[in-house]
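Colleague: Just one file: final33.cif, with mmCIF, C-alpha atoms.
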```
data_model
#
loop_
_atom_site.label_atom_id
_atom_site.label_comp_id
_atom_site.auth_asym_id
_atom_site.auth_seq_id
_atom_site.Cartn_x
_atom_site.Cartn_y
_atom_site.Cartn_z
CA MET Q 1 80.73 107.58 101.73
CA GLY Q 2 81.35 104.87 99.18
CA LEU Q 3 84.10 104.81 96.58
CA LYS Q 4 84.02 105.17 92.81
CA TYR Q 5 86.03 102.40 91.15
CA VAL Q 6 87.78 103.22 87.88
CA THR Q 7 89.87 100.67 85.95
CA ARG Q 8 92.59 100.96 83.32
CA HIS Q 9 94.66 98.29 81.54
CA ASP Q 10 97.45 97.98 79.05
CA SER Q 11 99.74 95.56 77.33
CA MET Q 12 103.35 96.42 78.24
CA THR Q 13 105.40 96.20 75.09
CA GLN Q 14 108.10 98.58 76.26
CA ALA Q 15 111.64 97.67 77.34
CA THR Q 16 112.64 97.13 80.95
CA ASN Q 17 112.81 100.16 83.26
CA THR Q 18 110.61 102.17 80.91
CA PHE Q 19 107.28 103.67 81.89
CA ALA Q 20 104.42 103.49 79.39
CA ALA Q 21 100.79 104.57 79.56
CA VAL Q 22 98.12 102.42 81.22
CA ASP Q 23 95.09 104.17 79.81
CA THR Q 24 92.86 101.62 78.09
CA ALA Q 25 89.36 100.90 79.40
CA SER Q 26 87.87 97.43 79.86
CA ASP Q 27 85.94 97.77 76.61
CA GLY Q 28 89.12 98.53 74.68
CA THR Q 29 88.46 102.25 74.26
CA SER Q 30 91.05 104.86 75.24
CA PRO Q 31 89.53 107.22 77.80
CA GLY Q 32 93.00 108.26 78.93
CA ARG Q 33 93.36 110.34 82.06
CA ILE Q 34 91.10 109.88 85.07
CA GLY Q 35 89.30 113.04 86.17
CA THR Q 36 89.51 113.87 89.86
CA SER Q 37 86.89 116.60 90.09
CA GLY Q 38 84.63 115.85 93.06
CA TYR Q 39 87.05 113.37 94.65
CA ARG Q 40 89.35 114.13 97.56
CA ARG Q 41 91.40 110.98 98.00
CA ILE Q 42 92.48 107.67 96.45
CA ARG Q 43 91.59 105.12 99.12
CA GLN Q 44 92.18 101.79 97.40
CA ILE Q 45 94.33 100.37 94.60
CA ILE Q 46 93.50 96.93 93.21
CA SER Q 47 95.90 95.40 90.71
CA THR Q 48 96.85 92.31 88.79
CA VAL Q 49 99.55 91.35 86.31
CA THR Q 50 99.72 88.53 83.77
CA ILE Q 51 101.64 87.84 80.59
CA ASP Q 52 99.87 88.01 77.30
CA GLY Q 53 101.80 85.51 75.18
CA ALA Q 54 105.01 83.51 75.31
CA HIS Q 55 106.86 84.05 78.57
CA SER Q 56 110.60 84.52 77.99
CA ILE Q 57 112.50 81.88 79.91
CA ASP Q 58 114.75 82.50 82.89
CA THR Q 59 113.36 85.93 83.64
CA GLY Q 60 111.94 87.66 86.70
CA ASN Q 61 110.26 91.02 87.01
CA ALA Q 62 108.73 93.42 89.48
CA PHE Q 63 106.00 95.79 88.32
CA VAL Q 64 105.36 99.33 89.48
CA VAL Q 65 102.59 101.78 88.65
CA ARG Q 66 103.28 105.51 88.68
CA LEU Q 67 100.51 108.05 89.22
CA THR Q 68 101.05 111.54 87.86
CA GLY Q 69 98.80 114.41 86.87
CA THR Q 70 97.36 117.70 87.98
CA GLY Q 71 94.90 116.01 90.33
CA LEU Q 72 97.57 114.77 92.75
CA VAL Q 73 98.30 117.03 95.72
CA HIS Q 74 101.73 115.53 96.35
CA ASP Q 75 102.95 115.05 92.76
CA SER Q 76 103.98 111.64 91.49
CA GLN Q 77 103.33 108.44 93.46
CA GLU Q 78 104.63 104.90 92.81
CA ILE Q 79 102.98 101.66 93.94
CA LEU Q 80 104.32 98.11 93.49
CA VAL Q 81 101.67 95.91 91.91
CA GLY Q 82 103.16 92.42 91.45
CA GLY Q 83 105.78 90.25 89.79
CA LEU Q 84 106.36 87.47 87.26
CA MET Q 85 109.04 84.82 86.87
CA ALA Q 86 109.75 81.85 84.60
CA GLN Q 87 112.45 79.19 84.65
CA ASP Q 88 113.30 76.62 82.00
CA GLN Q 89 115.69 73.64 82.30
CA GLY Q 90 117.03 72.74 78.87
CA ALA Q 91 116.58 74.49 75.57
CA ALA Q 92 113.57 72.47 74.44
CA SER Q 93 111.57 71.85 77.57
CA THR Q 94 108.46 69.76 77.06
CA ALA Q 95 106.75 71.14 80.15
CA SER Q 96 104.09 73.78 80.55
CA TYR Q 97 102.81 75.81 83.44
CA MET Q 98 99.56 77.46 84.35
CA ALA Q 99 98.67 79.87 87.13
CA SER Q 100 95.78 81.90 88.44
CA ARG Q 101 95.99 84.59 91.09
CA PRO Q 102 93.52 86.88 92.81
CA ALA Q 103 94.09 90.57 92.38
CA THR Q 104 95.75 92.34 95.30
CA SER Q 105 93.98 95.12 97.16
CA LYS Q 106 95.92 97.82 98.96
CA TYR Q 107 94.41 100.63 101.01
CA VAL Q 108 96.18 103.92 100.38
CA ASP Q 109 95.85 107.55 101.36
CA ILE Q 110 96.65 109.75 98.37
CA PRO Q 111 95.06 113.22 98.52
CA LEU Q 112 93.50 114.64 95.37
CA LYS Q 113 92.51 118.01 94.00
CA SER Q 114 90.55 118.93 90.92
CA GLY Q 115 92.45 117.86 87.83
CA ASP Q 116 93.42 114.47 86.48
CA ILE Q 117 95.45 111.32 87.10
CA PHE Q 118 97.57 109.62 84.47
CA LEU Q 119 98.67 106.02 85.05
CA THR Q 120 101.90 104.59 83.68
CA ALA Q 121 103.65 101.32 84.51
CA ALA Q 122 107.11 99.82 84.21
CA PHE Q 123 108.85 96.55 85.01
CA ASN Q 124 112.38 95.87 86.16
CA GLY Q 125 114.46 92.84 85.23
CA THR Q 126 114.91 91.03 81.93
CA ASP Q 127 112.10 91.61 79.43
CA PRO Q 128 109.64 88.70 79.87
CA GLY Q 129 107.69 89.25 76.63
CA THR Q 130 104.41 91.12 76.76
CA PRO Q 131 103.13 91.56 80.30
CA PHE Q 132 99.62 92.88 80.81
CA VAL Q 133 98.73 95.07 83.78
CA SER Q 134 95.30 96.07 85.15
CA ILE Q 135 94.77 98.74 87.79
CA THR Q 136 91.63 99.82 89.66
CA LEU Q 137 91.57 103.04 91.68
CA GLY Q 138 89.00 103.49 94.45
CA LEU Q 139 88.22 107.22 94.60
CA GLU Q 140 86.68 108.81 97.69
CA LYS Q 141 84.40 111.85 97.45
CA MET V 1 73.64 91.61 108.66
CA GLY V 2 74.88 90.49 105.29
CA TYR V 3 73.24 89.28 102.12
CA TYR V 4 75.10 87.10 99.64
CA PHE V 5 74.22 86.20 96.08
CA THR V 6 76.05 84.94 93.00
CA ARG V 7 75.76 85.24 89.27
CA SER V 8 77.60 83.49 86.45
CA SER V 9 78.43 84.33 82.89
CA GLY V 10 78.29 80.82 81.52
CA ALA V 11 80.92 80.28 78.83
CA ILE V 12 82.53 83.52 77.70
CA THR V 13 83.16 83.05 73.99
CA ALA V 14 83.32 86.72 73.09
CA ALA V 15 86.45 88.55 71.95
CA THR V 16 88.74 90.38 74.33
CA THR V 17 87.42 93.63 75.88
CA THR V 18 83.83 92.55 75.17
CA ARG V 19 81.25 92.85 77.95
CA ALA V 20 79.81 89.51 79.12
CA ALA V 21 76.59 89.83 81.12
CA MET V 22 76.45 87.60 84.21
CA THR V 23 72.80 86.62 84.23
CA LEU V 24 72.84 82.96 85.25
CA ASP V 25 72.04 81.66 88.71
CA SER V 26 73.86 78.69 90.23
CA GLU V 27 71.46 76.24 88.57
CA GLY V 28 72.15 77.68 85.12
CA ASN V 29 68.88 79.55 84.81
CA THR V 30 68.78 82.99 83.25
CA VAL V 31 67.43 85.31 85.91
CA ALA V 32 66.53 88.96 86.33
CA PRO V 33 68.96 91.36 87.97
CA TYR V 34 69.22 90.95 91.74
CA MET V 35 67.00 93.37 93.64
CA SER V 36 68.77 94.92 96.61
CA PRO V 37 66.98 94.17 99.90
CA PRO V 38 65.24 97.03 101.70
CA ASP V 39 67.80 97.26 104.50
CA VAL V 40 71.10 97.38 102.58
CA ARG V 41 73.27 100.41 101.84
CA LYS V 42 76.61 98.99 100.63
CA ILE V 43 78.36 96.31 98.65
CA THR V 44 81.25 95.36 100.93
CA SER V 45 83.09 92.64 98.99
CA LEU V 46 83.33 90.74 95.73
CA THR V 47 84.17 87.04 95.67
CA THR V 48 85.07 85.77 92.23
CA VAL V 49 86.43 82.81 90.29
CA PHE V 50 87.50 83.16 86.66
CA VAL V 51 88.95 80.20 84.77
CA VAL V 52 89.48 78.96 81.22
CA ASP V 53 87.01 76.17 80.57
CA ALA V 54 88.40 74.60 77.38
CA ALA V 55 91.70 73.99 75.62
CA TRP V 56 93.72 77.16 75.44
CA THR V 57 96.87 78.47 73.90
CA GLU V 58 99.83 80.29 75.32
CA THR V 59 98.38 83.51 76.70
CA GLY V 60 97.14 85.33 79.79
CA ASN V 61 94.10 87.32 80.81
CA ASN V 62 93.14 89.80 83.49
CA PHE V 63 89.49 89.79 84.57
CA VAL V 64 87.32 92.77 85.48
CA VAL V 65 83.89 92.84 87.12
CA GLU V 66 81.46 95.57 86.17
CA ILE V 67 78.56 96.41 88.50
CA ARG V 68 75.79 98.67 87.33
CA GLY V 69 72.06 99.25 87.68
CA ASP V 70 69.67 101.64 89.40
CA ALA V 71 70.92 100.50 92.81
CA LEU V 72 74.38 101.97 92.24
CA VAL V 73 74.59 105.42 93.83
CA ASP V 74 77.81 106.37 91.99
CA GLY V 75 77.01 104.76 88.67
CA VAL V 76 78.98 102.04 86.92
CA GLN V 77 81.79 100.47 88.97
CA GLU V 78 84.67 98.46 87.44
CA ILE V 79 87.04 96.40 89.54
CA VAL V 80 89.91 94.18 88.46
CA VAL V 81 89.65 90.84 90.30
CA SER V 82 92.12 88.20 89.07
CA SER V 83 94.47 86.92 86.38
CA VAL V 84 95.35 83.66 84.65
CA LEU V 85 98.25 82.61 82.46
CA TYR V 86 99.44 79.54 80.60
CA ASN V 87 102.85 78.99 79.00
CA GLU V 88 104.60 76.16 77.22
CA GLY V 89 108.18 75.04 76.78
CA ALA V 90 109.82 75.18 73.39
CA GLY V 91 109.97 71.39 72.86
CA THR V 92 107.31 69.00 71.60
CA LEU V 93 104.88 69.24 74.44
CA GLN V 94 104.32 66.24 76.70
CA SER V 95 102.93 67.91 79.76
CA PHE V 96 99.92 68.58 81.89
CA ALA V 97 99.21 71.64 83.97
CA GLY V 98 96.53 72.16 86.55
CA ASP V 99 95.85 74.64 89.28
CA LEU V 100 93.83 74.93 92.44
CA VAL V 101 92.12 78.22 91.80
CA VAL V 102 91.74 80.33 94.90
CA GLN V 103 88.72 82.57 94.85
CA ALA V 104 89.50 86.28 94.82
CA VAL V 105 87.97 88.15 97.73
CA ILE V 106 88.16 91.86 97.07
CA PRO V 107 86.98 94.30 99.77
CA VAL V 108 85.05 97.23 98.31
CA ASP V 109 83.01 100.17 99.54
CA ILE V 110 80.19 100.77 97.07
CA ASP V 111 77.10 102.73 98.04
CA ILE V 112 73.80 101.24 96.90
CA LYS V 113 70.13 102.07 97.20
CA PRO V 114 67.61 99.54 98.54
CA ASN V 115 64.90 97.94 96.42
CA ALA V 116 66.69 98.48 93.12
CA PRO V 117 68.36 96.21 90.56
CA ILE V 118 72.04 95.30 90.55
CA GLU V 119 73.47 94.04 87.26
CA ILE V 120 76.83 92.25 86.99
CA ALA V 121 79.03 91.77 83.94
CA ALA V 122 82.62 90.84 83.27
CA TYR V 123 85.39 91.63 80.84
CA TYR V 124 88.64 89.91 80.15
CA VAL V 125 91.61 91.77 78.69
CA GLY V 126 94.62 90.30 76.93
CA ALA V 127 94.72 87.89 73.99
CA ASP V 128 91.72 85.56 73.78
CA ALA V 129 92.41 82.40 75.78
CA GLY V 130 89.49 80.55 74.19
CA THR V 131 86.52 79.92 76.43
CA GLN V 132 86.58 81.61 79.81
CA PHE V 133 84.08 81.05 82.57
CA GLY V 134 83.36 83.29 85.51
CA LYS V 135 81.29 83.44 88.64
CA VAL V 136 80.85 86.47 90.89
CA GLY V 137 79.42 86.76 94.37
CA LEU V 138 78.49 90.01 96.08
CA GLU V 139 78.28 90.70 99.79
CA LEU V 140 75.72 93.37 100.72
CA GLU V 141 75.44 95.07 104.07
#
```
What is this file in structure tokens?
Modeller:
Amino acid sequence: MGLKYVTRHDSMTQATNTFAAVDTASDGTSPGRIGTSGYRRIRQIISTVTIDGAHSIDTGNAFVVRLTGTGLVHDSQEILVGGLMAQDQGAASTASYMASRPATSKYVDIPLKSGDIFLTAAFNGTDPGTPFVSITLGLEK
Amino acid sequence: MGYYFTRSSGAITAATTTRAAMTLDSEGNTVAPYMSPPDVRKITSLTTVFVVDAAWTETGNNFVVEIRGDALVDGVQEIVVSSVLYNEGAGTLQSFAGDLVVQAVIPVDIDIKPNAPIEIAAYYVGADAGTQFGKVGLELE
């Protein structure tokens, strides 16, 4: 049986070590929680992180997504989804940097029941500016 | 036995969170949606490249592929595939940044029906980087 892929995004304007909602759809609407009726398991999580503006210098971060909601059999789950870092030599560096990365795919086994899933995300480390996180869940019937 | 095909968006000049149909073949012709062959039942992977194809400012984007059409057993599927970012030092810029972009290869498990159309589109999220360009390949089994 194939999977149903559902994606949510959000700009992370919160402070370090603070979870905030990741509940925006690709078209910019706010569908919020992900319904789990008819699905019995999360089988795949695909994720990517970027930074949506100036990257604060001399910072490094790890990003984690937390799944909560009435649709999870085993309560809250946390999955690491990536990192960012930036280093600057001198106060007025005349350099730039550019990067591209494929999303990462992780197979998981998270049992579901009828209800919903709510995604939140946090980063650790010094605030890098405005990171942007995107998460896809692969739901199994 | 696998089938492989690609579609491109051409230049994506739309605003963030706006759907960009991927209707171009590899020679730049606008073509009809791909018809699934009579002996396929699944999409098993996505291979994608998303880049910024013009001058861009300090920002980052995450890219999402949307797959829809009568061939999709479970309806619309949305999968995050990659990210880009560009940042500048605080001084008067005298720099150049390039990247070897590795294609994202994302394993998926999407049920499809034979002899039916598959449509591909893309979104980017995050502040507009200018003019993005994307190409998506599907593997069918």
Colleague: Applied to the shown file, which residues does the PyMOL selection byres ((chain Q and resi 97-106) around 8) return, written as number ranges by chain?
Modeller: Q: 44-48, 81, 95-96, 107-108; V: 51, 80-88, 96-99, 101-107
Colleague: For the PyMOL selection byres ((chain Q) within 9 of (chain V)), applied here, can you spell out every residue it catches as an NGL selection string?
Modeller: :Q and (1-11 or 25-29 or 44 or 46-55 or 57 or 88 or 91-105 or 131-138)
Colleague: Which residues, written as a list in words, have at least one atom at most 7 Å from Q:Gly83, with only C-alpha atoms counted and residues fewer than 2 positions away on the same chain left out?
Modeller: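 The neighbour list is Asn61, Ala62, Phe63 and Met85 of chain Q.
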Colleague: Closest to Q:Gly38 among Q:Met12, Q:Leu67, Q:Gly125, Q:Leu112, using only C-alpha atoms?
Modeller: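 Result for the nearest residue to Q:Gly38: Q:Leu112.
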Colleague: Counting all atoms listed in the file, what is within 7 Å of stretch 14-22 of chain Q, bar same-chain residues fewer than 6 positions away, as a PyMOL selection string?
Modeller: chain Q and resi 8+119-127
Colleague: Restricting it to C-alpha atoms, dump the selection as a JSON list (two decimals), keeping the file's coordinate frame.
Modeller:
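To be explicit, this is the file written out as part34.json:
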```
[["chain", "number", "residue", "atom", "x", "y", "z"],
["Q", 8, "ARG", "CA", 92.59, 100.96, 83.32],
["Q", 119, "LEU", "CA", 98.67, 106.02, 85.05],
["Q", 120, "THR", "CA", 101.90, 104.59, 83.68],
["Q", 121, "ALA", "CA", 103.65, 101.32, 84.51],
["Q", 122, "ALA", "CA", 107.11, 99.82, 84.21],
["Q", 123, "PHE", "CA", 108.85, 96.55, 85.01],
["Q", 124, "ASN", "CA", 112.38, 95.87, 86.16],
["Q", 125, "GLY", "CA", 114.46, 92.84, 85.23],
["Q", 126, "THR", "CA", 114.91, 91.03, 81.93],
["Q", 127, "ASP", "CA", 112.10, 91.61, 79.43]]
```
